[in-house]
Each structure stands twice: as structure tokens, then as C-alpha cells.
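Undergrad: Just dropping this structure here.
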Amino acid sequence: MKIKYIDGPLLKKMMIQAANSLENNKSTVDALNVFPVPDGDTGTNMALTMNSAAKEIKNIKDESVESVSEAAANGSLMGARGNSGVILSQLFRGFSKACKGKNKLNTVDLANALKSASDTAYKAVMKPIEGTILTVAREIGEKAIEISKKEEDLESFLWQIIEYAEKVLDKTPDLLKVLKQAGVVDAGGKGLIYIYKGFYGALTGKEMEISETAPLNTVEFHSDVELGEITFGYCTEFIIKGSRIDIEDFKKKIGTYGDCMLVVGDESLAKVHIHTNNPGSVLEHGLKLGELISIKIDNMRQQHRNQIFEEEKPQETQPLKAYGMIAVTMGEGLTNIFKDLNVDEIITGGQTMNPSTEEIKKSIDAISAKNIFIFPNNSNIILAANQAKQLSDKHVIVIPTKSVPQGIAAILSFNGETDPETNEKTMSDALKNVKTGQVTFSVRDTQFNDIDIKKDDILGIYDGNIKAVGTGVAEVSMSLLKEMITDEDEILTIFYGEEQSESSAQALADTIGKKYKDIDIEVYYGGQPLYHYIFSVE
């Protein structure tokens, strides 16, 4: 029997089963990391993002196609982790755009939604790279349009999409050199296919539960609060359907009515959330922009807890200072170093544990400052930081730091007496003057740049490439530094990880000092997991 339409309840099942499919297979996706280092977290990030979407979907009462797709977009947006998670959230944002006003989807509708998903994701990435999840999504969208012209059966349609996606995935190493060198296909593309397989399972009635070996990872944002802590008592939510909605202007108009404000969407559809004592006034502003639907007002004082997206509001007596800072790092020592540098909010995260958009935005909201700088300190967190920036009505500047040494160098160049623009330029320029090296270990046998690597080998990484391989930490560290240090360099800073002792770090520093007599060496406890040493060369 042919399946010609997907209605809201079926789409809800498909989304939830997609999350289960990805959760059960996240370790397979993680294992496709280009480098054989213990931080292959694409699958984990995508699963956490997808779980956030599923959680939002489970809470909706209106099970229309439009509401389900919108919940997926908003849930994935707030739960997005890492570059793969942010791109996935943009795919759902584009999918949702194509589902507006739809009560059911046929093959043509679904094809258009998949094409819209790809188009939206490409626009969200400043420099799209082929051979990634973007390529898989784009080719799926284009193929879907082609298939939908002849195929009315959704089961056949979706299976053809999956088969084609597998072929596209197999070609990703031909498009991206680093994939071919590592002997893997793109991890994000693989994760996307597991999502589509989840869709297909739900469509054909094959239930998929979370396996016991793959526990569901969720981040809970609800918490019980005392009555006295609630300043604004009504959790107010609604959707505006209009034609010329100015999101930023609307945020400014309702921002004075409360806290925990969140407005996401575009010029035709915007979802609004705010904690306020005057829900009527907020609704009146919304009515000026269009029709209001899905209105929900909860008395939080009566319920004794925030319903969603609880944010801690800075105390009203806290003065608004000129600058605030947020840094992402892992390890007790590195955390203390950033605290000593007067960073206001430190988010625990980095390799293997990328913070979500929601977590970053929560830190933004916790700072009472006119200007807030974010230091992601990891290339896989920059997109989520920028997404959190877009969701905030505060003046937020993301300094694109890709490592802890870059973050420290940027903060040390900060001048509290000058303007934000000058500081942004100065701190961004500082990133060019620091080199980062990392010493870690291999999690699998592989070959990279014609170098044979065995599981548990020690790896030295510099400038995004494996520069040294061996069996000893000190040996690989010296080989790595030989690639990094030049006659022009003056300072080497060593941050030793949780697996290294102070004595071993100092012994390494002494050996380095004997070879590089003209360079100043500083040793600090970083306490970072997975990485024996992080080197900063300036």
C-alpha cells in the first residue's frame, strides 16, 4: 500500500525516531573523525542537537506539520552543539520554512522542504566546504526534487533518497582531501543519513527505541525555584504570523517588559518567549505585526517553577559595566587561569564536549555589561557562539579563538580603556602572533599524510596537521616543537594535562631549555583531559 501523505502526528514520530536512530549510532559517527584523536564528537554533537529537537517536539500540543517542523527548528536551534549541530539546526530551520501552512506533505512538499533545508544551511555558513554534511544535504535536496516529479509513494521516495545519499557520502573523500588521507567519509553526512533512516523507519512502521548501550543524552533547562526568586511571574509564549516582521525591532520594544526573552524566526513567522508581569502589553505589540497563534501564558508563581528556557537574571543592583567576557575551556588549571584574567563566565567545554547555543546564551544573559566578548577557544564552538550572539539583544562580539593559547593571547591584548571596535581588532590581530601545539594519543590505526599511525601512538598536532608520531610523550613533544619554534620566537608556555605530573612537565621544560637557550619557558598546570600538553609559542 502506497503512502502518499505525511501528516503532523506521523512527522512527529519521524522526528523522534530520527533522534533515536542518531543516538544509537552516534559512536559510529564519532569514529569517523579525520584525526585519530580522542575528540571525534560529531556524532555526539548531532545527537545532542537532535535530542533537543525531539524534546521540544514531544512537548507540543498542536501536532500539525507546521508546528512539528517549527518545534524541530527551535529545539535544534537552542540545543545546537558544535559546527555539525549548528548546521543541523539550520537544516531544520529551512525544512520548517517550507512546511509553513502545510497540513500534510506529499513527495513534492517533502522534496521542497529538503531543498529549502539545504539552501538555508548553505547561507548560514560563511565559507561552505564541499565534501561535508552540506554537500550531502545539497545533493539530497536536488535529487529529491528530481525524484518527486515521478514518484508519489513516500516510502519509495525516501528509500531512493537514502540510497542516493549513501552514494554521495562515499564520494566525499574525493571532494575533501583530508577525508581521503584519513580513509574516512564525512562524519556529518553519515549522521544525516542516520536521521533519514530514522524517518524511514517511522514511515514504514518500524519502531526504534534508544538502545541500552546508547543512553539518551539530554540537557535539562527546567529547575524548581523559590517564589521569592521570580521577578516576572508570567511565562508568555506565542507565534506571530505576518509578512514584514522586524525581529530586532520587536525585541527592543518588548525587552523592557521582562526577562528571559527569546525571539526567533524570520519576517513571516516569529516565535516569542518572555517572562513578564504584563503579558497583555507584550501581546498588543505582537498584534501590530500580524496574527497571533499558539498563545500560552503560565503563572510561574503558582507553578513554583519556570516552564522553559529558565535564565538567571542579573541582580538589579548590579552595575552595568563596560565589558564582560565569556571563555570556553576544560581543566581546573585552565579554568583558574581564565578566572585570573578576569573572565566573568567560564563554560566547561572544548574537545568532546561542545557547549550548546542555549548554554552560551545563558552565560551572555548572566553578565551585566554593555559589551560582551566570547572566546570559544575551539573551532568547533565558533558557530554556536555566533548563533547565541544572534539570539541575544546585548552587544556581543565573538573573537574567533580556535585554541586556549589564542584565547589567552587575545585577552592579554584587551584594553578596558578603549572602545569595543578597537578591542575587537586588537584581540583578533593577537591570534596571528601565537602558535598552538597539542600532544595527545591515537584512538585507532590509520594512515595520515603517508604516516602510519597505530592505536595508542602519541601524536603531536600543529596548525591542523599531525606533525609528529611516536610512542613517548616527551619524544613526540620535542619533535613537535622542532616544527613550531623558529629563531624569531621568544616565549614558550607549557600547559600540562591531568595525566601529566608537575615533575614530568618541568623535566620536559628543562630539556627544551637546553635545546632552545634563547626562549623563555613558562610551565602551568592546565588539567585538561585527553591532551598531555598544550604548547603556546609566541
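Naming works like this for the C-alpha cells: A, B, ... for the chains as they're shown, residue 1 at the start of each chain, ligands 1 onward in shown order.
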Which residues are close to Asp445 of chain A, i.e. within 7 Å by only C-alpha atoms, leaving aside same-chain residues fewer than 3 positions away? Reply as a list in words.

TA: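 Near Asp445 of chain A, the qualifying residues are Ile453, Lys454 and Lys455 of chain A.
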
Undergrad: List the spatial neighbours of Asn336 of chain A as a VMD selection string - criterion: any atom at most 9 Å away, only C-alpha atoms, same-chain residues fewer than 5 positions off excluded.

TA: chain A and resid 331 341 526

Undergrad: For the selection just defined, write its residues with C-alpha atoms to a file, as a short mmCIF file (atom, residue, chain, number, x, y, z; two decimals), in the first residue's frame.

TA:
```
data_model
loop_
_atom_site.label_atom_id
_atom_site.label_comp_id
_atom_site.auth_asym_id
_atom_site.auth_seq_id
_atom_site.Cartn_x
_atom_site.Cartn_y
_atom_site.Cartn_z
CA GLY A 331 40.53 21.58 33.07
CA LEU A 341 42.36 37.05 33.61
CA GLY A 526 46.16 23.09 32.78
#
```

Undergrad: From the options A:Gly198, A:Gly85, A:Pro9, A:Gly324, which residue's atoms come nearest to Phe414 of chain A, counting only C-alpha atoms?

TA: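 Comparing A:Gly198, A:Gly85, A:Pro9, A:Gly324 against Phe414 of chain A, the winner is A:Gly324.
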
Undergrad: Using only C-alpha atoms, which of the listed residues (A:Ile133, A:Gly101, A:Gln90, A:Lys394) sits closest to Lys252 of chain A?

TA: A:Lys394

Undergrad: Excluding Ala384 of chain A and residues on its chain fewer than 2 positions from it, collect all residues at most 8 Å away from it, counting only C-alpha atoms, and give them as a PyMOL selection string.

TA: chain A and resi 80-83+86+355-357+360+381-382+386-388

Undergrad: Can you write just those residues out, N, CA, C and O atoms, as a PDB file, in the first residue's frame?

TA:
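Generated file (selection37.pdb):
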```pdb
ATOM      1  N   ALA A  80      21.781  23.311  19.767  1.00  0.00           N
ATOM      2  CA  ALA A  80      22.868  23.088  18.814  1.00  0.00           C
ATOM      3  C   ALA A  80      24.232  23.081  19.485  1.00  0.00           C
ATOM      4  O   ALA A  80      24.571  23.989  20.230  1.00  0.00           O
ATOM      5  N   ARG A  81      25.004  22.042  19.203  1.00  0.00           N
ATOM      6  CA  ARG A  81      26.360  21.911  19.761  1.00  0.00           C
ATOM      7  C   ARG A  81      27.344  21.650  18.628  1.00  0.00           C
ATOM      8  O   ARG A  81      27.131  20.766  17.801  1.00  0.00           O
ATOM      9  N   GLY A  82      28.425  22.393  18.632  1.00  0.00           N
ATOM     10  CA  GLY A  82      29.461  22.189  17.625  1.00  0.00           C
ATOM     11  C   GLY A  82      29.007  22.634  16.250  1.00  0.00           C
ATOM     12  O   GLY A  82      27.841  22.964  16.017  1.00  0.00           O
ATOM     13  N   ASN A  83      29.934  22.653  15.312  1.00  0.00           N
ATOM     14  CA  ASN A  83      29.602  23.061  13.952  1.00  0.00           C
ATOM     15  C   ASN A  83      28.545  22.155  13.334  1.00  0.00           C
ATOM     16  O   ASN A  83      27.619  22.624  12.667  1.00  0.00           O
ATOM     17  N   VAL A  86      25.112  23.022  14.773  1.00  0.00           N
ATOM     18  CA  VAL A  86      24.593  24.299  14.266  1.00  0.00           C
ATOM     19  C   VAL A  86      24.096  24.130  12.833  1.00  0.00           C
ATOM     20  O   VAL A  86      23.020  24.626  12.466  1.00  0.00           O
ATOM     21  N   PRO A 355      29.750  23.116  24.156  1.00  0.00           N
ATOM     22  CA  PRO A 355      28.546  23.687  24.774  1.00  0.00           C
ATOM     23  C   PRO A 355      27.487  24.010  23.723  1.00  0.00           C
ATOM     24  O   PRO A 355      27.806  24.276  22.566  1.00  0.00           O
ATOM     25  N   SER A 356      26.233  23.992  24.135  1.00  0.00           N
ATOM     26  CA  SER A 356      25.133  24.281  23.218  1.00  0.00           C
ATOM     27  C   SER A 356      24.937  25.780  23.070  1.00  0.00           C
ATOM     28  O   SER A 356      25.447  26.586  23.853  1.00  0.00           O
ATOM     29  N   THR A 357      24.168  26.149  22.077  1.00  0.00           N
ATOM     30  CA  THR A 357      23.795  27.555  21.880  1.00  0.00           C
ATOM     31  C   THR A 357      23.106  28.085  23.130  1.00  0.00           C
ATOM     32  O   THR A 357      23.364  29.209  23.574  1.00  0.00           O
ATOM     33  N   ILE A 360      25.592  28.868  25.959  1.00  0.00           N
ATOM     34  CA  ILE A 360      26.350  30.094  25.699  1.00  0.00           C
ATOM     35  C   ILE A 360      25.467  31.314  25.913  1.00  0.00           C
ATOM     36  O   ILE A 360      25.885  32.308  26.520  1.00  0.00           O
ATOM     37  N   ILE A 381      33.316  25.405  18.140  1.00  0.00           N
ATOM     38  CA  ILE A 381      32.368  26.102  19.013  1.00  0.00           C
ATOM     39  C   ILE A 381      32.034  27.497  18.476  1.00  0.00           C
ATOM     40  O   ILE A 381      31.084  28.138  18.904  1.00  0.00           O
ATOM     41  N   ILE A 382      32.782  27.959  17.490  1.00  0.00           N
ATOM     42  CA  ILE A 382      32.608  29.317  16.974  1.00  0.00           C
ATOM     43  C   ILE A 382      31.208  29.528  16.400  1.00  0.00           C
ATOM     44  O   ILE A 382      30.565  30.558  16.643  1.00  0.00           O
ATOM     45  N   ASN A 386      28.364  32.247  17.688  1.00  0.00           N
ATOM     46  CA  ASN A 386      27.744  33.259  16.819  1.00  0.00           C
ATOM     47  C   ASN A 386      26.231  33.112  16.785  1.00  0.00           C
ATOM     48  O   ASN A 386      25.502  34.103  16.686  1.00  0.00           O
ATOM     49  N   GLN A 387      25.739  31.882  16.884  1.00  0.00           N
ATOM     50  CA  GLN A 387      24.295  31.663  16.913  1.00  0.00           C
ATOM     51  C   GLN A 387      23.704  32.216  18.214  1.00  0.00           C
ATOM     52  O   GLN A 387      22.632  32.828  18.210  1.00  0.00           O
ATOM     53  N   ALA A 388      24.408  32.023  19.333  1.00  0.00           N
ATOM     54  CA  ALA A 388      23.963  32.582  20.612  1.00  0.00           C
ATOM     55  C   ALA A 388      23.972  34.108  20.557  1.00  0.00           C
ATOM     56  O   ALA A 388      23.079  34.761  21.104  1.00  0.00           O
TER      57      ALA A 388
END
```

Undergrad: For Asn278 of chain A, which residue among A:Ala19, A:Thr231, A:Val65, A:Glu70 is the nearest when counting only C-alpha atoms?

TA: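 Answer, going by the shortest atom-to-atom distance: A:Thr231.
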
Undergrad: Figure out the distance between atom CA of Asn380 of chain A and atom CA of Glu502 of chain A, please, to one decimal in Å.

TA: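 These two atoms are separated by 29.6 Å.
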
Undergrad: At what distance in Å, to one decimal, does atom CA of Met14 of chain A lie from atom CA of Ser89 of chain A?

TA: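 Taking atom CA of Ser89 of chain A and atom CA of Met14 of chain A, their separation equals 16.3 Å.
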
Undergrad: For a quick check of understanding, using only C-alpha atoms, which of A:Leu77, A:Asp340, A:Asp62, A:Val136 has the smallest distance to Glu359 of chain A?

TA: A:Leu77

Undergrad: DSSP on the backbone, then: every residue of segment 386-474 of chain A marked alpha helix (DSSP H), written as a PyMOL selection string.

TA: chain A and resi 386-391+404-412+420-430+473-474

Undergrad: Give me the residues within 12 Å of Leu175 of chain A as a list in words, counting only C-alpha atoms and dropping any in the same chain fewer than 3 places off.

TA: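 What passes the distance filter is Ile129, Glu130, Gly131, Thr132, Ile133, Leu134, Thr135, Val136, Val168, Leu169, Asp170, Lys171, Thr172, Val178, Leu179, Lys180, Gln181, Val185 and Asp186 of chain A.
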
Undergrad: Can you work out the spacing between atom CA of Lys370 of chain A and atom CA of Lys321 of chain A in Å, to one decimal?

TA: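 For atom CA of Lys370 of chain A relative to atom CA of Lys321 of chain A, the distance reads 6.3 Å.
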
Undergrad: Could you name the residues that touch Lys12 of chain A at 12 Å or less, counting only C-alpha atoms, but leaving out those on the same chain fewer than 6 positions away, as number ranges by chain?

TA: A: 6, 18-19, 53-72, 104, 198-199, 202-203

Undergrad: Excluding Arg93 of chain A and any residue of its chain fewer than 4 positions from it, enumerate the residues within 7 Å of it, using only C-alpha atoms, and give them as a list in words.

TA: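 The filter keeps Ala73, Ser89, Lys97 and Ala117 of chain A.
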